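What follows is model_25.txt (compact mmCIF, C-alpha atoms and all ligand atoms).
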# COMPACT_ATOMS: atom_id res chain seq x y z
CA MET A 44 21.44 -11.81 -4.01
CA VAL A 45 19.70 -9.25 -6.26
CA VAL A 46 17.06 -6.92 -4.81
CA SER A 47 14.90 -4.45 -6.73
CA LYS A 48 13.76 -0.95 -5.76
CA TYR A 49 10.29 0.09 -6.92
CA SER A 50 8.21 3.23 -6.66
CA ALA A 51 4.44 2.87 -6.95
CA SER A 52 3.14 6.44 -7.23
CA GLY A 53 5.76 7.53 -4.69
CA ASN A 54 5.19 4.70 -2.17
CA ASP A 55 8.48 2.86 -2.45
CA PHE A 56 9.56 -0.69 -1.78
CA VAL A 57 12.48 -3.08 -1.79
CA ILE A 58 11.44 -6.34 -3.45
CA PHE A 59 13.12 -9.74 -3.88
CA HIS A 60 12.06 -13.36 -4.24
CA THR A 61 13.42 -16.42 -2.45
CA PHE A 62 12.39 -19.84 -1.15
CA ARG A 63 12.52 -19.70 2.65
CA LYS A 64 9.66 -18.21 4.66
CA ILE A 65 11.47 -16.77 7.66
CA ASP A 66 10.95 -13.70 9.85
CA ARG A 67 12.41 -10.77 7.89
CA SER A 68 11.43 -7.98 10.26
CA GLY A 69 15.07 -7.19 11.00
CA VAL A 70 16.00 -7.29 7.32
CA ALA A 71 13.14 -4.89 6.53
CA LYS A 72 14.48 -2.34 9.01
CA VAL A 73 17.97 -2.62 7.52
CA LEU A 74 16.99 -2.41 3.86
CA CYS A 75 14.29 0.27 4.30
CA ASN A 76 16.55 2.59 6.29
CA ARG A 77 16.89 5.77 4.22
CA PHE A 78 20.37 6.55 5.60
CA SER A 79 22.19 3.22 5.93
CA GLY A 80 20.04 1.03 3.70
CA ILE A 81 18.46 1.22 0.26
CA GLY A 82 15.58 3.29 1.66
CA ALA A 83 11.89 2.45 1.25
CA ASP A 84 8.47 2.54 2.90
CA GLY A 85 8.35 -1.26 2.90
CA LEU A 86 9.93 -4.61 2.07
CA ILE A 87 8.15 -7.18 -0.11
CA VAL A 88 9.38 -10.79 -0.37
CA LEU A 89 7.85 -13.16 -2.94
CA LEU A 90 7.77 -16.88 -2.05
CA PRO A 91 6.63 -20.00 -3.93
CA HIS A 92 3.03 -21.13 -3.41
CA GLU A 93 1.46 -24.40 -4.52
CA LYS A 94 -1.87 -22.85 -5.54
CA TYR A 95 -1.22 -19.20 -6.42
CA ASP A 96 1.46 -17.56 -8.53
CA PHE A 97 3.23 -16.66 -5.28
CA GLU A 98 2.62 -15.57 -1.74
CA TRP A 99 4.25 -12.55 -0.19
CA GLN A 100 5.58 -11.19 3.04
CA PHE A 101 4.99 -7.45 3.50
CA TYR A 102 6.89 -5.45 6.10
CA ASN A 103 6.66 -1.75 6.85
CA ALA A 104 9.88 0.23 7.17
CA ASP A 105 9.81 -0.19 10.97
CA GLY A 106 9.82 -3.99 10.58
CA SER A 107 6.14 -4.44 11.45
CA GLU A 108 4.32 -6.94 9.25
CA ALA A 109 1.12 -5.73 7.53
CA SER A 110 -1.57 -7.86 5.92
CA MET A 111 -1.86 -5.79 2.75
CA CYS A 112 -0.40 -2.93 0.76
CA GLY A 113 -2.23 -1.57 -2.28
CA ASN A 114 0.73 0.14 -3.93
CA GLY A 115 2.96 -2.76 -2.92
CA SER A 116 0.61 -5.19 -4.66
CA ARG A 117 1.02 -3.26 -7.90
CA ALA A 118 4.82 -3.16 -7.58
CA ALA A 119 4.99 -6.86 -6.64
CA ALA A 120 2.87 -7.81 -9.67
CA HIS A 121 5.16 -5.88 -12.02
CA TYR A 122 8.24 -7.44 -10.40
CA ALA A 123 6.74 -10.93 -10.72
CA PHE A 124 5.92 -10.41 -14.38
CA VAL A 125 9.28 -8.95 -15.45
CA ASN A 126 11.12 -11.65 -13.47
CA ASN A 127 9.05 -14.34 -15.18
CA LEU A 128 7.48 -15.52 -11.92
CA ALA A 129 3.93 -14.94 -13.25
CA ASP A 130 2.00 -14.03 -16.38
CA LYS A 131 0.44 -10.59 -16.97
CA LYS A 132 -2.67 -11.71 -15.10
CA MET A 133 -1.83 -13.25 -11.73
CA LYS A 134 -3.17 -14.22 -8.33
CA PHE A 135 -1.07 -14.03 -5.19
CA LEU A 136 -1.63 -14.61 -1.50
CA THR A 137 -1.26 -11.79 1.03
CA GLY A 138 -2.09 -11.56 4.71
CA ALA A 139 -5.47 -10.08 3.74
CA GLY A 140 -6.29 -12.83 1.23
CA VAL A 141 -5.85 -13.41 -2.51
CA ILE A 142 -5.06 -10.42 -4.71
CA GLU A 143 -5.65 -10.52 -8.47
CA ALA A 144 -3.49 -8.19 -10.51
CA GLU A 145 -2.95 -7.40 -14.18
CA VAL A 146 0.19 -5.87 -15.68
CA GLU A 147 0.11 -3.75 -18.85
CA ASP A 148 3.56 -2.24 -19.55
CA ASN A 149 4.21 -0.06 -16.45
CA THR A 150 0.57 0.21 -15.45
CA VAL A 151 -0.81 -2.33 -12.97
CA GLU A 152 -4.35 -2.83 -11.68
CA SER A 153 -4.97 -4.69 -8.44
CA GLN A 154 -8.28 -6.12 -7.30
CA LEU A 155 -8.42 -5.67 -3.54
CA THR A 156 -9.80 -8.09 -0.99
CA PRO A 157 -13.31 -7.45 0.42
CA TYR A 158 -13.42 -4.25 2.48
CA LYS A 159 -15.00 -3.90 5.93
CA PHE A 160 -16.68 -0.83 7.50
CA LEU A 161 -15.35 -0.56 11.06
CA GLY A 162 -17.41 2.35 12.32
CA LYS A 163 -18.08 6.07 12.58
CA TYR A 164 -16.25 8.06 15.27
CA GLU A 165 -15.73 11.53 16.71
CA ASP A 166 -12.47 12.07 18.58
CA PHE A 167 -9.73 14.66 18.98
CA GLY A 168 -12.21 17.18 17.56
CA LYS A 169 -12.58 15.27 14.27
CA LYS A 170 -15.40 13.20 12.77
CA PHE A 171 -14.13 10.20 10.84
CA LYS A 172 -14.90 6.70 9.57
CA ILE A 173 -12.67 3.63 9.71
CA TYR A 174 -12.58 1.19 6.82
CA ASP A 175 -10.41 -1.91 6.53
CA THR A 176 -9.28 -2.17 2.89
CA GLY A 177 -6.73 -4.85 3.71
CA VAL A 178 -5.35 -2.79 6.58
CA PRO A 179 -7.30 -0.32 8.79
CA HIS A 180 -7.66 3.31 7.70
CA ILE A 181 -9.11 6.34 9.45
CA VAL A 182 -10.57 8.77 6.88
CA ILE A 183 -11.22 12.43 7.74
CA LEU A 184 -13.20 14.05 4.92
CA GLU A 185 -12.02 17.67 4.86
CA ASN A 186 -9.56 20.02 3.14
CA ILE A 187 -6.29 18.06 2.84
CA ASN A 188 -4.39 21.20 3.83
CA ASN A 189 -5.72 20.50 7.33
CA PHE A 190 -3.39 17.46 7.44
CA ASP A 191 -1.91 17.48 10.96
CA LYS A 192 0.96 15.07 11.61
CA ASN A 193 0.72 15.27 15.41
CA LEU A 194 -3.02 14.62 15.35
CA ALA A 195 -2.40 11.79 12.88
CA ARG A 196 0.13 10.24 15.29
CA ASN A 197 -2.39 10.40 18.16
CA LEU A 198 -5.13 8.81 16.04
CA ARG A 199 -2.73 6.16 14.69
CA GLU A 200 -1.70 5.17 18.22
CA LYS A 201 -5.22 5.14 19.71
CA TYR A 202 -6.88 3.23 16.83
CA ASN A 203 -3.84 1.31 15.52
CA ALA A 204 -4.74 2.47 12.00
CA ASN A 205 -3.35 4.52 9.12
CA VAL A 206 -4.76 8.07 8.98
CA ASN A 207 -6.01 9.85 5.84
CA TRP A 208 -7.27 13.31 5.01
CA ALA A 209 -9.48 13.10 1.90
CA GLU A 210 -11.05 15.86 -0.19
CA VAL A 211 -13.16 15.85 -3.38
CA ARG A 212 -12.51 18.75 -5.75
CA ASP A 213 -13.81 18.97 -9.35
CA ASN A 214 -14.92 15.32 -9.11
CA LYS A 215 -11.35 14.23 -8.28
CA LEU A 216 -10.20 12.74 -4.98
CA TYR A 217 -7.14 14.09 -3.17
CA VAL A 218 -5.64 12.10 -0.30
CA ARG A 219 -2.85 12.61 2.20
CA THR A 220 -1.87 9.65 4.40
CA TYR A 221 0.03 9.18 7.65
CA GLU A 222 1.14 5.56 7.39
CA ARG A 223 1.32 3.10 10.28
CA GLY A 224 4.67 1.36 10.28
CA VAL A 225 6.37 4.17 8.40
CA GLU A 226 5.24 6.52 11.14
CA ASP A 227 5.17 9.46 8.79
CA GLU A 228 3.30 10.84 5.81
CA THR A 229 4.06 8.86 2.65
CA LEU A 230 3.83 10.07 -0.94
CA ALA A 231 1.00 7.63 -1.59
CA CYS A 232 -0.94 4.89 0.18
CA GLY A 233 -3.06 2.56 -1.94
CA THR A 234 -5.32 1.05 0.69
CA GLY A 235 -5.69 4.58 2.08
CA MET A 236 -6.82 5.93 -1.27
CA CYS A 237 -9.33 3.09 -1.49
CA ALA A 238 -10.66 3.74 2.04
CA SER A 239 -10.94 7.45 1.16
CA PHE A 240 -12.85 6.49 -2.02
CA LEU A 241 -15.37 4.55 0.11
CA VAL A 242 -15.97 7.47 2.49
CA ALA A 243 -16.34 9.96 -0.39
CA LYS A 244 -18.78 7.55 -2.01
CA ASP A 245 -20.75 7.17 1.26
CA ASN A 246 -21.26 10.94 1.04
CA ASN A 247 -22.35 10.77 -2.62
CA LEU A 248 -19.43 13.01 -3.61
CA ILE A 249 -18.18 10.67 -6.35
CA GLY A 250 -19.41 7.91 -8.66
CA GLU A 251 -18.27 4.32 -9.22
CA SER A 252 -14.84 5.37 -10.48
CA VAL A 253 -12.61 8.36 -9.70
CA LYS A 254 -9.17 9.76 -10.41
CA VAL A 255 -7.17 9.92 -7.19
CA TYR A 256 -4.17 12.13 -6.45
CA PRO A 257 -1.94 11.35 -3.44
CA LYS A 258 0.79 13.56 -2.02
CA SER A 259 3.09 12.64 -4.93
CA GLY A 260 0.60 14.16 -7.39
CA GLU A 261 0.64 11.01 -9.54
CA GLU A 262 -2.72 10.05 -11.02
CA LEU A 263 -4.36 6.76 -10.06
CA THR A 264 -7.84 5.35 -10.53
CA VAL A 265 -10.03 3.68 -7.91
CA SER A 266 -13.19 1.92 -9.05
CA LEU A 267 -15.94 -0.11 -7.43
CA LYS A 268 -17.25 -2.89 -9.70
CA ASN A 269 -19.85 -5.33 -8.33
CA GLY A 270 -18.81 -4.41 -4.80
CA THR A 271 -15.11 -5.03 -5.42
CA LEU A 272 -12.41 -2.33 -5.26
CA TYR A 273 -9.99 -1.96 -8.18
CA PHE A 274 -6.87 0.18 -7.91
CA LYS A 275 -4.87 1.18 -10.98
CA GLY A 276 -1.76 3.22 -11.66
CA LYS A 277 1.80 3.27 -12.87
CA VAL A 278 4.79 1.66 -11.17
CA LYS A 279 8.48 2.33 -11.70
CA HIS A 280 11.34 -0.14 -11.40
CA CYS A 281 13.99 2.28 -10.11
CA PHE A 282 17.02 -0.05 -10.02
CA SER A 283 18.26 -3.48 -8.98
CA ALA A 284 21.27 -4.04 -6.73
CA VAL A 285 23.42 -6.97 -5.70
CA MET A 286 23.35 -7.44 -1.92
CA ASP A 287 26.41 -9.35 -0.76
CA GLY A 288 28.53 -9.61 2.31
CA LYS A 289 28.52 -11.50 5.59
CA ASN A 290 24.85 -11.09 6.48
CA GLU A 291 23.52 -12.17 3.08
CA ARG A 292 22.19 -15.44 4.54
CA ASP A 293 20.10 -13.35 6.96
CA PHE A 294 17.53 -12.64 4.36
CA VAL A 295 17.73 -14.97 1.37
N1 LIG A 301 1.41 0.93 6.42
C1 LIG A 301 0.28 0.05 6.20
C2 LIG A 301 0.64 -1.05 5.19
C3 LIG A 301 1.01 -0.47 3.84
C4 LIG A 301 -0.16 0.21 3.21
C5 LIG A 301 0.14 1.17 2.06
N2 LIG A 301 1.54 1.37 1.74
C6 LIG A 301 -0.64 0.84 0.81
O1 LIG A 301 -0.20 1.16 -0.32
O2 LIG A 301 -1.75 0.27 0.95
C7 LIG A 301 -0.13 -0.61 7.52
O3 LIG A 301 0.74 -1.03 8.29
O4 LIG A 301 -1.33 -0.73 7.75
Do you think you could lay out the structure here as structure tokens?
Amino acid sequence: MVVSKYSASGNDFVIFHTFRKIDRSGVAKVLCNRFSGIGADGLIVLLPHEKYDFEWQFYNADGSEASMCGNGSRAAAHYAFVNNLADKKMKFLTGAGVIEAEVEDNTVESQLTPYKFLGKYEDFGKKFKIYDTGVPHIVILENINNFDKNLARNLREKYNANVNWAEVRDNKLYVRTYERGVEDETLACGTGMCASFLVAKDNNLIGESVKVYPKSGEELTVSLKNGTLYFKGKVKHCFSAVMDGKNERDFV
């Protein structure tokens, strides 16, 4: 059984494709473990689908299933293309709905599912908005150096959402994200960057398209075209590995 390791702007994933749709929560915890496993923020499994190029299962590193992952959608699209599972332009089914993606060399653009505004809040001494961009995100619009992991944990637990600090500087958007299901800050979070884009746009701080820089410092682009979010950036196929041994049947 061959699995691939991808990094999408620092958000990293283990990816493979198979036929059986089974619960892979346990497998996700094993493979994503950064000490005894391959190490990743999430596991992505591609499965056959009668209507779309494929459907996927997405698991966070803690084994929790999530409906969408922006960076994961870009990595999955690249994986599907290079493994001849789809053409450069593809449509695949996620828990949040159908994602359209286009691969151009190692750059991939994903079209996200319709976003939802979930409200404006003030709590723990912070004012913030919550947007669902496939998964729920709290966005605090202030200097990203104010990122506070303990506060993020409290907000994540109370609102069951990912937590972002977002800041606009020189017409560029900087984002730091505490990710649900990784239970730590990640080097990038795609749906978080898109939620941060929406809040910055609500405040008229940016236009219809902006360069976004996550913790990794890699450059991505978020755009809003006819009310739809587009998310573009590079992905890296780090390596592929053969997984064998007694528990192989656990996850194929
Ligand atoms: N941790 C997120 C899912 C992955 C989102 C993130 N990796 C992205 O790129 O959108 C959650 O459980 O809501």
Could you make a table, as a tab-separated table, of the residues of chain A that have an atom within 8 Å of an atom of ligand LIG 301 (chain A), each with its nearest atom pair and distance in Å to one decimal, counting all atoms listed in the file, in chain and number order?
residue	atom	partner	partner_atom	distance
A:Asn54	CA	A:LIG301	N2	6.3
A:Asp84	CA	A:LIG301	N2	7.1
A:Gly85	CA	A:LIG301	N2	7.4
A:Phe101	CA	A:LIG301	C2	7.9
A:Tyr102	CA	A:LIG301	C2	7.7
A:Asn103	CA	A:LIG301	N1	5.9
A:Ser107	CA	A:LIG301	O3	7.1
A:Glu108	CA	A:LIG301	O3	7.0
A:Ala109	CA	A:LIG301	O3	4.8
A:Ser110	CA	A:LIG301	C2	7.2
A:Met111	CA	A:LIG301	C2	5.9
A:Cys112	CA	A:LIG301	O2	3.5
A:Gly113	CA	A:LIG301	O2	3.7
A:Asn114	CA	A:LIG301	O1	3.9
A:Gly115	CA	A:LIG301	O1	5.7
A:Ser116	CA	A:LIG301	O1	7.7
A:Gly177	CA	A:LIG301	O2	7.7
A:Val178	CA	A:LIG301	O4	4.7
A:Pro179	CA	A:LIG301	O4	6.1
A:His180	CA	A:LIG301	O4	7.5
A:Ala204	CA	A:LIG301	O4	6.3
A:Asn205	CA	A:LIG301	O4	5.8
A:Glu222	CA	A:LIG301	N1	4.7
A:Arg223	CA	A:LIG301	N1	4.4
A:Gly224	CA	A:LIG301	O3	5.0
A:Val225	CA	A:LIG301	N1	6.2
A:Thr229	CA	A:LIG301	N2	8.0
A:Ala231	CA	A:LIG301	O1	6.7
A:Cys232	CA	A:LIG301	O1	3.8
A:Gly233	CA	A:LIG301	O1	3.6
A:Thr234	CA	A:LIG301	O2	3.7
A:Gly235	CA	A:LIG301	O2	5.9
A:Met236	CA	A:LIG301	O2	7.9
Output C-alpha atoms for every residue in the selection just made, as an mmCIF file, in the coordinates of the input.
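Dumped to selection_11.cif:
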data_model
loop_
_atom_site.group_PDB
_atom_site.id
_atom_site.type_symbol
_atom_site.label_atom_id
_atom_site.label_comp_id
_atom_site.auth_asym_id
_atom_site.auth_seq_id
_atom_site.Cartn_x
_atom_site.Cartn_y
_atom_site.Cartn_z
ATOM 1 C CA ASN A 54 5.190 4.700 -2.170
ATOM 2 C CA ASP A 84 8.470 2.540 2.900
ATOM 3 C CA GLY A 85 8.350 -1.260 2.900
ATOM 4 C CA PHE A 101 4.990 -7.450 3.500
ATOM 5 C CA TYR A 102 6.890 -5.450 6.100
ATOM 6 C CA ASN A 103 6.660 -1.750 6.850
ATOM 7 C CA SER A 107 6.140 -4.440 11.450
ATOM 8 C CA GLU A 108 4.320 -6.940 9.250
ATOM 9 C CA ALA A 109 1.120 -5.730 7.530
ATOM 10 C CA SER A 110 -1.570 -7.860 5.920
ATOM 11 C CA MET A 111 -1.860 -5.790 2.750
ATOM 12 C CA CYS A 112 -0.400 -2.930 0.760
ATOM 13 C CA GLY A 113 -2.230 -1.570 -2.280
ATOM 14 C CA ASN A 114 0.730 0.140 -3.930
ATOM 15 C CA GLY A 115 2.960 -2.760 -2.920
ATOM 16 C CA SER A 116 0.610 -5.190 -4.660
ATOM 17 C CA GLY A 177 -6.730 -4.850 3.710
ATOM 18 C CA VAL A 178 -5.350 -2.790 6.580
ATOM 19 C CA PRO A 179 -7.300 -0.320 8.790
ATOM 20 C CA HIS A 180 -7.660 3.310 7.700
ATOM 21 C CA ALA A 204 -4.740 2.470 12.000
ATOM 22 C CA ASN A 205 -3.350 4.520 9.120
ATOM 23 C CA GLU A 222 1.140 5.560 7.390
ATOM 24 C CA ARG A 223 1.320 3.100 10.280
ATOM 25 C CA GLY A 224 4.670 1.360 10.280
ATOM 26 C CA VAL A 225 6.370 4.170 8.400
ATOM 27 C CA THR A 229 4.060 8.860 2.650
ATOM 28 C CA ALA A 231 1.000 7.630 -1.590
ATOM 29 C CA CYS A 232 -0.940 4.890 0.180
ATOM 30 C CA GLY A 233 -3.060 2.560 -1.940
ATOM 31 C CA THR A 234 -5.320 1.050 0.690
ATOM 32 C CA GLY A 235 -5.690 4.580 2.080
ATOM 33 C CA MET A 236 -6.820 5.930 -1.270
#
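Compared by their closest atoms to Leu263 in chain A, and using all atoms listed in the file, the residues A:Leu216, A:Ile58, A:Val125, A:Val211 rank with A:Leu216 nearest.
Minimum distance to Asp227 in chain A across A:Ile87, A:Val206, A:Ala243, A:Ala284 (counting all atoms listed in the file) occurs at A:Val206.
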Lys201 in chain A environment, 12 Å, all atoms listed in the file, sequence neighbours closer than 4 positions dropped, as a PDB file with C-alpha atoms, in the frame of the given file:
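Contents of selection20.pdb, freshly written:
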ATOM      1  CA  ASP A 166     -12.470  12.070  18.580  1.00  0.00           C
ATOM      2  CA  PHE A 167      -9.730  14.660  18.980  1.00  0.00           C
ATOM      3  CA  ILE A 181      -9.110   6.340   9.450  1.00  0.00           C
ATOM      4  CA  LEU A 194      -3.020  14.620  15.350  1.00  0.00           C
ATOM      5  CA  ALA A 195      -2.400  11.790  12.880  1.00  0.00           C
ATOM      6  CA  ARG A 196       0.130  10.240  15.290  1.00  0.00           C
ATOM      7  CA  ASN A 197      -2.390  10.400  18.160  1.00  0.00           C
ATOM      8  CA  ASN A 205      -3.350   4.520   9.120  1.00  0.00           C
ATOM      9  CA  VAL A 206      -4.760   8.070   8.980  1.00  0.00           C
ATOM     10  CA  ARG A 223       1.320   3.100  10.280  1.00  0.00           C
TER      11      ARG A 223
END
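With distances restricted to all atoms listed in the file, A:Leu136 is the closest residue to Lys94 in chain A from A:Ala51, A:Ile65, A:Leu136, A:Val46.
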### Nearby residues (all atoms listed in the file) at most 12 Å from Thr61 in chain A, same-chain spacing under 5 positions excluded, as a PyMOL selection string
chain A and resi 44-46+67+87-92+97-100+123+128+292-295
Starting from the incomplete input, reconstruct all heavy atoms of range 269-280 of chain A and report them as an mmCIF file, in the coordinates of the input.
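What landed in out.cif:
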data_model
loop_
_atom_site.group_PDB
_atom_site.id
_atom_site.type_symbol
_atom_site.label_atom_id
_atom_site.label_comp_id
_atom_site.auth_asym_id
_atom_site.auth_seq_id
_atom_site.Cartn_x
_atom_site.Cartn_y
_atom_site.Cartn_z
ATOM 1 N N ASN A 269 -19.166 -4.211 -9.014
ATOM 2 C CA ASN A 269 -19.850 -5.330 -8.330
ATOM 3 C C ASN A 269 -19.363 -5.503 -6.893
ATOM 4 O O ASN A 269 -19.085 -6.627 -6.445
ATOM 5 C CB ASN A 269 -19.635 -6.642 -9.116
ATOM 6 C CG ASN A 269 -20.098 -6.511 -10.556
ATOM 7 O OD1 ASN A 269 -21.162 -5.932 -10.824
ATOM 8 N ND2 ASN A 269 -19.284 -6.999 -11.505
ATOM 9 N N GLY A 270 -19.178 -4.379 -6.217
ATOM 10 C CA GLY A 270 -18.810 -4.410 -4.800
ATOM 11 C C GLY A 270 -17.348 -4.700 -4.532
ATOM 12 O O GLY A 270 -16.938 -4.835 -3.366
ATOM 13 N N THR A 271 -16.537 -4.767 -5.595
ATOM 14 C CA THR A 271 -15.110 -5.030 -5.420
ATOM 15 C C THR A 271 -14.299 -3.797 -5.812
ATOM 16 O O THR A 271 -14.604 -3.154 -6.812
ATOM 17 C CB THR A 271 -14.671 -6.234 -6.301
ATOM 18 O OG1 THR A 271 -15.399 -7.393 -5.863
ATOM 19 C CG2 THR A 271 -13.176 -6.503 -6.167
ATOM 20 N N LEU A 272 -13.271 -3.496 -5.003
ATOM 21 C CA LEU A 272 -12.410 -2.330 -5.260
ATOM 22 C C LEU A 272 -11.291 -2.687 -6.233
ATOM 23 O O LEU A 272 -10.640 -3.737 -6.094
ATOM 24 C CB LEU A 272 -11.779 -1.862 -3.945
ATOM 25 C CG LEU A 272 -12.668 -1.065 -2.987
ATOM 26 C CD1 LEU A 272 -12.005 -0.953 -1.614
ATOM 27 C CD2 LEU A 272 -12.977 0.323 -3.559
ATOM 28 N N TYR A 273 -11.097 -1.817 -7.232
ATOM 29 C CA TYR A 273 -9.990 -1.960 -8.180
ATOM 30 C C TYR A 273 -9.134 -0.699 -8.084
ATOM 31 O O TYR A 273 -9.656 0.413 -7.969
ATOM 32 C CB TYR A 273 -10.519 -2.121 -9.616
ATOM 33 C CG TYR A 273 -11.207 -3.439 -9.844
ATOM 34 C CD1 TYR A 273 -12.525 -3.629 -9.435
ATOM 35 C CD2 TYR A 273 -10.534 -4.502 -10.429
ATOM 36 C CE1 TYR A 273 -13.160 -4.844 -9.618
ATOM 37 C CE2 TYR A 273 -11.162 -5.726 -10.622
ATOM 38 C CZ TYR A 273 -12.480 -5.890 -10.206
ATOM 39 O OH TYR A 273 -13.107 -7.099 -10.385
ATOM 40 N N PHE A 274 -7.819 -0.900 -8.152
ATOM 41 C CA PHE A 274 -6.870 0.180 -7.910
ATOM 42 C C PHE A 274 -5.803 0.130 -8.987
ATOM 43 O O PHE A 274 -5.118 -0.897 -9.144
ATOM 44 C CB PHE A 274 -6.258 -0.049 -6.504
ATOM 45 C CG PHE A 274 -5.185 0.908 -6.112
ATOM 46 C CD1 PHE A 274 -5.373 2.280 -6.175
ATOM 47 C CD2 PHE A 274 -3.961 0.439 -5.645
ATOM 48 C CE1 PHE A 274 -4.382 3.152 -5.792
ATOM 49 C CE2 PHE A 274 -2.965 1.305 -5.260
ATOM 50 C CZ PHE A 274 -3.175 2.663 -5.332
ATOM 51 N N LYS A 275 -5.712 1.217 -9.776
ATOM 52 C CA LYS A 275 -4.870 1.180 -10.980
ATOM 53 C C LYS A 275 -3.946 2.393 -11.073
ATOM 54 O O LYS A 275 -4.363 3.518 -10.759
ATOM 55 C CB LYS A 275 -5.786 1.152 -12.213
ATOM 56 C CG LYS A 275 -5.089 0.956 -13.535
ATOM 57 C CD LYS A 275 -6.143 0.850 -14.644
ATOM 58 C CE LYS A 275 -5.559 0.527 -15.989
ATOM 59 N NZ LYS A 275 -6.611 0.362 -17.027
ATOM 60 N N GLY A 276 -2.706 2.113 -11.484
ATOM 61 C CA GLY A 276 -1.760 3.220 -11.660
ATOM 62 C C GLY A 276 -0.418 2.706 -12.136
ATOM 63 O O GLY A 276 -0.215 1.497 -12.285
ATOM 64 N N LYS A 277 0.480 3.643 -12.360
ATOM 65 C CA LYS A 277 1.800 3.270 -12.870
ATOM 66 C C LYS A 277 2.728 2.838 -11.732
ATOM 67 O O LYS A 277 2.549 3.231 -10.572
ATOM 68 C CB LYS A 277 2.429 4.462 -13.618
ATOM 69 C CG LYS A 277 1.683 4.856 -14.894
ATOM 70 C CD LYS A 277 2.499 5.818 -15.740
ATOM 71 C CE LYS A 277 1.734 6.305 -16.962
ATOM 72 N NZ LYS A 277 1.156 5.177 -17.761
ATOM 73 N N VAL A 278 3.716 2.017 -12.101
ATOM 74 C CA VAL A 278 4.790 1.660 -11.170
ATOM 75 C C VAL A 278 6.108 1.885 -11.884
ATOM 76 O O VAL A 278 6.167 1.891 -13.114
ATOM 77 C CB VAL A 278 4.695 0.205 -10.664
ATOM 78 C CG1 VAL A 278 3.401 -0.064 -9.934
ATOM 79 C CG2 VAL A 278 4.910 -0.787 -11.803
ATOM 80 N N LYS A 279 7.164 2.090 -11.109
ATOM 81 C CA LYS A 279 8.480 2.330 -11.700
ATOM 82 C C LYS A 279 9.510 1.412 -11.059
ATOM 83 O O LYS A 279 9.640 1.378 -9.830
ATOM 84 C CB LYS A 279 8.889 3.795 -11.459
ATOM 85 C CG LYS A 279 10.240 4.200 -12.071
ATOM 86 C CD LYS A 279 10.442 5.712 -11.973
ATOM 87 C CE LYS A 279 11.701 6.156 -12.712
ATOM 88 N NZ LYS A 279 12.937 5.931 -11.922
ATOM 89 N N HIS A 280 10.195 0.635 -11.901
ATOM 90 C CA HIS A 280 11.340 -0.140 -11.400
ATOM 91 C C HIS A 280 12.526 0.820 -11.385
ATOM 92 O O HIS A 280 13.033 1.208 -12.423
ATOM 93 C CB HIS A 280 11.613 -1.351 -12.310
ATOM 94 C CG HIS A 280 12.895 -2.059 -11.968
ATOM 95 N ND1 HIS A 280 13.750 -2.555 -12.912
ATOM 96 C CD2 HIS A 280 13.478 -2.312 -10.768
ATOM 97 C CE1 HIS A 280 14.798 -3.096 -12.321
ATOM 98 N NE2 HIS A 280 14.647 -2.972 -11.009
#
